[in-house]
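Visitor: Below is upload.json; it holds JSON, C-alpha atoms.
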[["chain", "number", "residue", "atom", "x", "y", "z"],
["U", 271, "MET", "CA", 107.79, 96.07, 86.86],
["U", 272, "THR", "CA", 108.22, 92.80, 88.75],
["U", 273, "VAL", "CA", 109.14, 92.58, 92.42],
["U", 274, "ARG", "CA", 112.67, 91.57, 91.43],
["U", 275, "GLU", "CA", 113.04, 94.66, 89.23],
["U", 276, "ARG", "CA", 111.77, 96.96, 91.96],
["U", 277, "LEU", "CA", 114.19, 95.47, 94.46],
["U", 278, "LEU", "CA", 117.05, 96.02, 92.01],
["U", 279, "ASP", "CA", 116.10, 99.71, 91.93],
["U", 280, "ILE", "CA", 116.80, 100.08, 95.66],
["U", 281, "PRO", "CA", 120.28, 101.65, 95.67],
["U", 282, "GLU", "CA", 121.12, 100.61, 99.24],
["U", 283, "LEU", "CA", 120.82, 96.88, 98.42],
["U", 284, "ASN", "CA", 123.61, 94.96, 96.65],
["U", 285, "ILE", "CA", 121.54, 92.11, 95.29],
["U", 286, "ALA", "CA", 121.94, 91.96, 91.49],
["U", 287, "GLU", "CA", 123.84, 88.67, 91.43],
["U", 288, "ILE", "CA", 121.90, 87.19, 94.34],
["U", 289, "LEU", "CA", 118.47, 87.83, 92.81],
["U", 290, "ILE", "CA", 119.38, 85.93, 89.64],
["U", 291, "GLN", "CA", 119.89, 82.78, 91.71],
["U", 292, "MET", "CA", 116.86, 83.20, 93.99],
["U", 293, "ARG", "CA", 113.92, 80.90, 93.49],
["U", 294, "ASP", "CA", 110.44, 82.23, 94.27],
["U", 295, "ILE", "CA", 110.35, 80.72, 97.75],
["U", 296, "GLN", "CA", 113.76, 82.25, 98.54],
["U", 297, "LEU", "CA", 112.57, 85.60, 97.21],
["U", 298, "ASP", "CA", 109.53, 85.44, 99.49],
["U", 299, "GLU", "CA", 111.79, 84.74, 102.48],
["U", 300, "TYR", "CA", 114.04, 87.65, 101.51],
["U", 301, "ILE", "CA", 111.05, 90.00, 101.24],
["U", 302, "GLU", "CA", 109.96, 88.87, 104.72],
["U", 303, "SER", "CA", 113.42, 89.87, 106.00],
["U", 304, "LEU", "CA", 113.05, 93.30, 104.38],
["U", 305, "ASN", "CA", 109.59, 93.76, 105.90],
["U", 306, "SER", "CA", 110.95, 92.77, 109.31],
["U", 307, "PHE", "CA", 113.63, 95.46, 108.97],
["U", 308, "VAL", "CA", 110.93, 98.06, 108.25],
["U", 309, "GLU", "CA", 108.69, 96.96, 111.12],
["U", 310, "ASN", "CA", 111.50, 96.96, 113.69],
["U", 311, "LEU", "CA", 113.26, 100.14, 112.63],
["U", 312, "SER", "CA", 111.47, 102.54, 114.99],
["U", 313, "ALA", "CA", 112.21, 100.37, 118.04],
["U", 314, "ARG", "CA", 115.86, 99.96, 117.05],
["U", 315, "GLU", "CA", 116.18, 103.68, 116.44],
["U", 316, "ARG", "CA", 114.89, 104.38, 119.97],
["U", 317, "GLU", "CA", 117.35, 101.88, 121.44],
["U", 318, "LEU", "CA", 120.29, 103.58, 119.73],
["U", 319, "LYS", "CA", 119.17, 107.08, 120.70],
["U", 320, "ASP", "CA", 118.43, 106.16, 124.31],
["U", 321, "SER", "CA", 121.74, 104.39, 124.87],
["U", 322, "PHE", "CA", 123.63, 107.23, 123.22],
["U", 323, "SER", "CA", 121.83, 109.88, 125.30],
["U", 324, "ALA", "CA", 122.74, 107.92, 128.44],
["U", 325, "LYS", "CA", 126.35, 107.72, 127.22],
["U", 326, "ASP", "CA", 126.09, 103.97, 127.62],
["U", 327, "TYR", "CA", 128.55, 103.20, 124.84],
["U", 328, "TYR", "CA", 128.73, 99.51, 125.66],
["U", 329, "THR", "CA", 125.00, 99.05, 125.00],
["U", 330, "PHE", "CA", 125.16, 101.48, 122.09],
["U", 331, "SER", "CA", 127.90, 99.33, 120.53],
["U", 332, "LYS", "CA", 125.83, 96.17, 121.02],
["U", 333, "TYR", "CA", 122.87, 97.78, 119.21],
["U", 334, "LEU", "CA", 125.14, 98.89, 116.38],
["U", 335, "VAL", "CA", 126.46, 95.34, 116.00],
["U", 336, "ALA", "CA", 122.87, 94.05, 115.83],
["U", 337, "PHE", "CA", 122.09, 96.68, 113.18],
["U", 338, "LYS", "CA", 125.17, 95.64, 111.20],
["U", 339, "ASP", "CA", 124.16, 91.98, 111.30],
["U", 340, "THR", "CA", 120.68, 92.83, 110.05],
["U", 341, "LEU", "CA", 122.12, 94.90, 107.20],
["U", 342, "ILE", "CA", 124.33, 91.97, 106.21],
["U", 343, "ASP", "CA", 121.31, 89.64, 106.26],
["U", 344, "ILE", "CA", 119.37, 91.87, 103.83],
["U", 345, "HIS", "CA", 122.47, 92.45, 101.65],
["U", 346, "ALA", "CA", 122.87, 96.17, 102.38],
["U", 347, "ASP", "CA", 126.62, 95.62, 102.31],
["U", 348, "GLU", "CA", 127.86, 99.21, 102.04],
["U", 349, "LEU", "CA", 125.67, 100.33, 104.93],
["U", 350, "ALA", "CA", 126.94, 97.40, 106.99],
["U", 351, "GLU", "CA", 130.51, 98.53, 106.28],
["U", 352, "GLU", "CA", 129.66, 102.08, 107.43],
["U", 353, "CYS", "CA", 128.28, 100.61, 110.63],
["U", 354, "GLN", "CA", 131.35, 98.44, 111.21],
["U", 355, "LYS", "CA", 133.70, 101.42, 110.76],
["U", 356, "GLN", "CA", 131.90, 103.27, 113.53],
["U", 357, "ILE", "CA", 131.96, 100.21, 115.77],
["U", 358, "ASN", "CA", 135.73, 99.95, 115.27],
["U", 359, "ASN", "CA", 136.27, 103.64, 116.10],
["U", 360, "LEU", "CA", 133.74, 103.96, 118.91],
["U", 361, "SER", "CA", 136.19, 103.65, 121.79],
["U", 362, "SER", "CA", 138.31, 106.57, 120.59],
["U", 363, "ALA", "CA", 135.62, 108.81, 119.03],
["U", 364, "LYS", "CA", 134.41, 111.98, 120.72],
["U", 365, "HIS", "CA", 130.76, 112.21, 121.77],
["U", 366, "GLU", "CA", 130.06, 114.91, 119.12],
["U", 367, "LYS", "CA", 131.44, 112.76, 116.31],
["U", 368, "VAL", "CA", 129.38, 109.77, 117.40],
["U", 369, "GLU", "CA", 126.31, 112.01, 117.48],
["U", 370, "ALA", "CA", 127.01, 113.20, 113.92],
["U", 371, "PHE", "CA", 127.41, 109.61, 112.78],
["U", 372, "LEU", "CA", 124.18, 108.57, 114.50],
["U", 373, "THR", "CA", 122.19, 111.32, 112.77],
["U", 374, "TYR", "CA", 123.70, 110.37, 109.40],
["U", 375, "PHE", "CA", 123.30, 106.63, 109.94],
["U", 376, "LEU", "CA", 119.66, 106.85, 111.00],
["U", 377, "SER", "CA", 118.84, 108.97, 107.94],
["U", 378, "LEU", "CA", 120.34, 106.20, 105.79],
["U", 379, "MET", "CA", 118.26, 103.61, 107.63],
["U", 380, "ALA", "CA", 115.12, 105.70, 107.12],
["U", 381, "MET", "CA", 115.80, 105.99, 103.40],
["U", 382, "LEU", "CA", 116.34, 102.25, 103.07],
["U", 383, "SER", "CA", 113.09, 101.61, 104.94],
["U", 384, "ILE", "CA", 111.20, 104.02, 102.68],
["U", 385, "ASP", "CA", 112.64, 102.46, 99.52],
["U", 386, "ILE", "CA", 111.53, 99.02, 100.70],
["U", 387, "GLN", "CA", 108.06, 100.32, 101.49],
["U", 388, "MET", "CA", 107.78, 102.00, 98.10],
["U", 389, "ALA", "CA", 108.61, 98.74, 96.34],
["U", 390, "ALA", "CA", 105.91, 96.95, 98.34],
["U", 391, "TYR", "CA", 103.38, 99.75, 97.81],
["U", 392, "HIS", "CA", 103.79, 99.74, 94.04],
["U", 393, "ASP", "CA", 103.50, 95.97, 94.02],
["U", 394, "GLU", "CA", 100.30, 95.95, 96.08],
["U", 395, "ASN", "CA", 98.72, 98.76, 94.09],
["U", 396, "ASN", "CA", 99.78, 97.59, 90.63],
["U", 397, "THR", "CA", 101.44, 100.93, 89.97],
["U", 398, "GLU", "CA", 103.20, 100.54, 86.64],
["U", 399, "CYS", "CA", 103.59, 104.19, 85.68],
["U", 400, "SER", "CA", 107.19, 104.89, 84.73],
["U", 401, "ILE", "CA", 109.33, 107.87, 85.62],
["U", 402, "GLN", "CA", 109.24, 108.94, 81.98],
["U", 403, "GLU", "CA", 105.44, 108.96, 82.00],
["U", 404, "LEU", "CA", 105.40, 111.07, 85.17],
["U", 405, "SER", "CA", 107.77, 113.75, 83.91],
["U", 406, "GLY", "CA", 105.05, 115.52, 81.99],
["U", 407, "PHE", "CA", 106.19, 118.99, 80.97],
["U", 408, "GLU", "CA", 108.58, 120.46, 78.48],
["U", 409, "PRO", "CA", 111.26, 122.63, 80.11],
["U", 410, "GLU", "CA", 110.48, 126.32, 80.44],
["U", 411, "ASP", "CA", 113.03, 128.49, 78.59],
["U", 412, "GLY", "CA", 115.01, 125.35, 77.77],
["U", 413, "GLN", "CA", 115.77, 124.71, 81.45],
["U", 414, "LYS", "CA", 114.09, 122.09, 83.62],
["U", 415, "SER", "CA", 112.62, 123.58, 86.76],
["U", 416, "ILE", "CA", 112.08, 122.34, 90.32],
["U", 417, "LEU", "CA", 109.68, 123.95, 92.78],
["U", 418, "ALA", "CA", 110.85, 123.37, 96.36],
["U", 419, "VAL", "CA", 108.54, 124.18, 99.29],
["U", 420, "ASP", "CA", 109.77, 124.17, 102.89],
["U", 421, "ASP", "CA", 109.00, 126.56, 105.74],
["U", 422, "HIS", "CA", 112.60, 126.20, 106.96],
["U", 423, "ALA", "CA", 115.11, 128.28, 105.02],
["U", 424, "PHE", "CA", 117.99, 126.03, 106.10],
["U", 425, "PHE", "CA", 116.89, 123.07, 103.99],
["U", 426, "LEU", "CA", 116.04, 125.27, 101.01],
["U", 427, "ASP", "CA", 119.63, 126.54, 101.21],
["U", 428, "THR", "CA", 120.82, 122.91, 101.30],
["U", 429, "LEU", "CA", 118.87, 122.21, 98.11],
["U", 430, "LYS", "CA", 120.32, 125.32, 96.44],
["U", 431, "GLN", "CA", 123.87, 124.27, 97.27],
["U", 432, "SER", "CA", 123.24, 120.69, 96.17],
["U", 433, "LEU", "CA", 121.67, 121.55, 92.82],
["U", 434, "GLN", "CA", 123.57, 124.70, 91.84],
["U", 435, "ASP", "CA", 125.81, 122.89, 89.32],
["U", 436, "THR", "CA", 123.16, 120.61, 87.80],
["U", 437, "GLY", "CA", 121.79, 123.10, 85.27],
["U", 438, "HIS", "CA", 118.28, 122.88, 86.71],
["U", 439, "LYS", "CA", 116.30, 125.95, 87.72],
["U", 440, "LEU", "CA", 115.37, 125.78, 91.42],
["U", 441, "ILE", "CA", 112.50, 127.92, 92.72],
["U", 442, "CYS", "CA", 112.23, 128.03, 96.52],
["U", 443, "VAL", "CA", 109.16, 129.18, 98.45],
["U", 444, "ARG", "CA", 108.29, 129.00, 102.14],
["U", 445, "SER", "CA", 104.58, 128.06, 102.12],
["U", 446, "GLY", "CA", 101.87, 126.21, 100.26],
["U", 447, "ALA", "CA", 100.13, 129.50, 99.46],
["U", 448, "GLU", "CA", 103.27, 130.85, 97.77],
["U", 449, "ALA", "CA", 103.61, 127.61, 95.83],
["U", 450, "LEU", "CA", 100.05, 127.72, 94.51],
["U", 451, "LYS", "CA", 100.50, 131.34, 93.48],
["U", 452, "TYR", "CA", 103.62, 130.40, 91.50],
["U", 453, "LEU", "CA", 101.76, 127.55, 89.81],
["U", 454, "GLN", "CA", 99.18, 129.92, 88.36],
["U", 455, "LYS", "CA", 101.72, 130.82, 85.67],
["U", 456, "HIS", "CA", 104.31, 128.01, 85.71],
["U", 457, "ASN", "CA", 104.58, 124.25, 85.20],
["U", 458, "PRO", "CA", 107.62, 122.86, 87.05],
["U", 459, "ASN", "CA", 109.15, 119.56, 85.97],
["U", 460, "LEU", "CA", 109.47, 118.39, 89.58],
["U", 461, "PHE", "CA", 108.12, 119.24, 93.04],
["U", 462, "ILE", "CA", 110.06, 118.87, 96.30],
["U", 463, "LEU", "CA", 107.66, 119.33, 99.22],
["U", 464, "ASP", "CA", 108.24, 119.32, 102.94],
["U", 465, "ILE", "CA", 105.49, 117.41, 104.75],
["U", 466, "GLU", "CA", 105.46, 119.16, 108.13],
["U", 467, "MET", "CA", 104.48, 122.76, 107.34],
["U", 468, "PRO", "CA", 102.05, 125.13, 109.13],
["U", 469, "GLU", "CA", 98.73, 126.23, 107.58],
["U", 470, "MET", "CA", 99.04, 123.87, 104.60],
["U", 471, "ASN", "CA", 101.07, 120.67, 105.05],
["U", 472, "GLY", "CA", 102.73, 118.73, 102.26],
["U", 473, "TYR", "CA", 99.85, 116.30, 101.83],
["U", 474, "GLU", "CA", 97.35, 119.14, 101.40],
["U", 475, "LEU", "CA", 99.65, 120.98, 99.03],
["U", 476, "ALA", "CA", 100.08, 117.85, 96.92],
["U", 477, "ARG", "CA", 96.30, 117.51, 96.61],
["U", 478, "ASN", "CA", 96.03, 121.16, 95.54],
["U", 479, "ILE", "CA", 98.80, 120.65, 92.99],
["U", 480, "ARG", "CA", 96.98, 117.71, 91.42],
["U", 481, "GLU", "CA", 93.65, 119.58, 91.48],
["U", 482, "GLN", "CA", 95.33, 122.29, 89.38],
["U", 483, "GLY", "CA", 96.16, 119.63, 86.81],
["U", 484, "LYS", "CA", 99.90, 119.60, 87.51],
["U", 485, "GLN", "CA", 101.21, 116.08, 86.95],
["U", 486, "ALA", "CA", 104.97, 116.45, 87.52],
["U", 487, "PRO", "CA", 106.50, 114.02, 90.07],
["U", 488, "ILE", "CA", 106.42, 114.91, 93.76],
["U", 489, "ILE", "CA", 109.35, 114.19, 96.09],
["U", 490, "PHE", "CA", 108.47, 114.56, 99.75],
["U", 491, "LEU", "CA", 110.97, 115.76, 102.35],
["U", 492, "THR", "CA", 110.71, 113.77, 105.55],
["U", 493, "GLY", "CA", 112.50, 112.50, 108.62],
["U", 494, "ASN", "CA", 109.88, 109.88, 109.42],
["U", 495, "ALA", "CA", 110.03, 106.38, 107.93],
["U", 496, "THR", "CA", 107.16, 104.71, 109.80],
["U", 497, "PRO", "CA", 104.82, 102.70, 107.54],
["U", 498, "GLU", "CA", 101.78, 104.83, 108.46],
["U", 499, "TYR", "CA", 103.60, 108.04, 107.55],
["U", 500, "VAL", "CA", 105.09, 106.71, 104.33],
["U", 501, "ASN", "CA", 101.83, 105.13, 103.18],
["U", 502, "LYS", "CA", 99.99, 108.43, 103.68],
["U", 503, "ALA", "CA", 102.61, 110.22, 101.57],
["U", 504, "LEU", "CA", 102.38, 107.60, 98.82],
["U", 505, "GLN", "CA", 98.60, 107.94, 98.76],
["U", 506, "ALA", "CA", 99.07, 111.70, 98.44],
["U", 507, "GLY", "CA", 101.09, 111.15, 95.27],
["U", 508, "ALA", "CA", 104.71, 110.72, 96.35],
["U", 509, "ALA", "CA", 106.99, 109.47, 93.59],
["U", 510, "ASP", "CA", 110.01, 109.48, 95.90],
["U", 511, "PHE", "CA", 111.40, 110.83, 99.17],
["U", 512, "ILE", "CA", 114.40, 112.78, 100.42],
["U", 513, "VAL", "CA", 115.21, 112.06, 104.05],
["U", 514, "LYS", "CA", 116.57, 114.91, 106.15],
["U", 515, "PRO", "CA", 119.42, 115.56, 106.70],
["U", 516, "ALA", "CA", 120.56, 114.97, 103.13],
["U", 517, "THR", "CA", 123.98, 115.15, 101.49],
["U", 518, "LYS", "CA", 124.59, 116.84, 98.14],
["U", 519, "LYS", "CA", 125.22, 113.50, 96.43],
["U", 520, "TYR", "CA", 122.03, 112.05, 97.86],
["U", 521, "VAL", "CA", 119.87, 115.01, 96.74],
["U", 522, "ILE", "CA", 121.29, 114.89, 93.20],
["U", 523, "GLU", "CA", 120.73, 111.12, 92.95],
["U", 524, "ARG", "CA", 117.07, 111.47, 93.95],
["U", 525, "VAL", "CA", 116.39, 114.44, 91.66],
["U", 526, "ASN", "CA", 118.13, 112.81, 88.70],
["U", 527, "ARG", "CA", 115.67, 109.93, 88.84],
["U", 528, "PHE", "CA", 113.09, 112.28, 87.38],
["U", 529, "ILE", "CA", 114.73, 115.10, 85.40]]
The structure in this file should be written as C-alpha cells.

Guide:
Amino acid sequence: MTVRERLLDIPELNIAEILIQMRDIQLDEYIESLNSFVENLSARERELKDSFSAKDYYTFSKYLVAFKDTLIDIHADELAEECQKQINNLSSAKHEKVEAFLTYFLSLMAMLSIDIQMAAYHDENNTECSIQELSGFEPEDGQKSILAVDDHAFFLDTLKQSLQDTGHKLICVRSGAEALKYLQKHNPNLFILDIEMPEMNGYELARNIREQGKQAPIIFLTGNATPEYVNKALQAGAADFIVKPATKKYVIERVNRFI
C-alpha cells in the first residue's frame, strides 16, 4: 500500500477528496503536520488534565480551542466538531460531565495518534501483508473465535457486551498462562491482548503466541499512545489497537477489520 492509501484507511481523517489534489510536496507537508500532532500529544494531554484538575476552566477552554485548531489543520473534522461542542457547552456543564468528556476525548486523540503511527511504521518497514493474509484460520465449529486476555474483568465484560450480537465466539481469560493453556487445543481467528498484565505482559504473551505457530492478528488494548510504547507493540506483532475506554461501536469497528 502507498502512503496515500494508508492515510485513507485512518477513520478519524476526512481526507479522501483532499488527497486526490495533493502533490507530493504537499503530501510531505501534511505528513509533517500529522507527525507533529503525535509528538505533541503527551504534552497537550498533560495541559488539559492539569487545568481541569485545577478547575481552571478558562485555561482548559484555551487548550481545547488549540486542540480543535490542530484537528482542523490535519482534517480530523468530526473530532474537531466534538471539541467545538464541548467548548460551546463548557460554561454550563457540570464538572463530572466535563470529566467524562475529557476521558472520552483523550481516548479518541490516542487512537488517532496510534493510527498515524501505524501508517508510518508500515511505510518505514515495508509491511505489505494484508488483513486477509493475516486472518489465517478457518472458523471452529463454523463460528469465528476471539481470544481476549485482560487481568481486569471490567474490560472483558465491556468486550462481551460489545460483541454479543456479532455472531463471533468470544473467549475471555484473565492471564497469559490461561491463554497459552487454551491455545494448546484451539486456534482463534483473532487475539485481543491487554499490554499491562502481571506475571506475563501483553508483549511477552504475543511472543509466546507466535512461538506456538499461531498467526492470527493481534489487537492490543492500551491507554498509552506514546511513540515508544506504540513502536514496542508493533514490533511485538500488533495488527491494530483498541484504546481504553472503548465504546461498543468502536470495538466492533476494530474487530471487523479482521474477522

Visitor: Smallest atom-to-atom distance to Leu372 in chain U: which of U:Ile290, U:Pro515, U:Glu282, U:Asp421, using only C-alpha atoms?

Guide: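 Looking only at the distances to Leu372 in chain U, the closest residue turns out to be U:Pro515.
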
Visitor: Ranking U:His345, U:Arg480, U:Lys319, U:Lys355 by minimum distance to Leu283 in chain U and counting all atoms listed in the file, which one comes first?

Guide: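 The shortest atom-to-atom distance to Leu283 in chain U comes from U:His345.
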
Visitor: So the first atom is CA of Lys439 in chain U and the second is CA of Met467 in chain U; what is the distance between them in Å, to one decimal place?

Guide: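 Between CA of Lys439 in chain U and CA of Met467 in chain U the gap is 23.1 Å.
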
Visitor: With all atoms listed in the file as the atoms that count, which of U:Ala506, U:Tyr327, U:Gln482, U:Lys519 lies nearest to Ser362 in chain U?

Guide: U:Tyr327

Visitor: Using all atoms listed in the file, can you tell me which of U:Gln356, U:Asn471, U:Asn526, U:Thr496 comes closest to Phe337 in chain U?

Guide: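 Closest to Phe337 in chain U, using all atoms listed in the file: U:Gln356.
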
Visitor: Take CA of Val525 in chain U and CA of Val500 in chain U and report the distance between them in Å, one decimal.

Guide: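 Rounded to one decimal, the two atoms are 18.7 Å apart.
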
Visitor: Using all atoms listed in the file, pick whichever of U:Ser445, U:Thr492, U:Thr436, U:Asn459 has the shortest atom-to-atom distance to Ser415 in chain U.

Guide: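 Ranking U:Ser445, U:Thr492, U:Thr436, U:Asn459 by distance to Ser415 in chain U, first place goes to U:Asn459.
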
Visitor: Quick one: residues within 7 Å of Leu491 in chain U, all atoms listed in the file, excluding same-chain residues fewer than 6 positions away - as an NGL selection string?

Guide: :U and (462-465 or 511-514)

Visitor: Can you find the residues with an atom no farther than 12 Å from (113.0, 105.4, 99.5), counting all atoms listed in the file, and report them as a PyMOL selection string?

Guide: chain U and resi 276-277+279-283+308+377-391+489-497+500-501+503-504+508-513+520+523-524+527

Visitor: Please determine, counting only C-alpha atoms, which residue among U:Thr517, U:Val368, U:Val419, U:Gly483 has the shortest atom-to-atom distance to Gln431 in chain U.

Guide: U:Thr517

Visitor: Please, what distance in Å, to one decimal, runs between CA of Leu433 in chain U and CA of Glu275 in chain U?

Guide: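 Straight-line distance from CA of Leu433 in chain U to CA of Glu275 in chain U works out to 28.5 Å.
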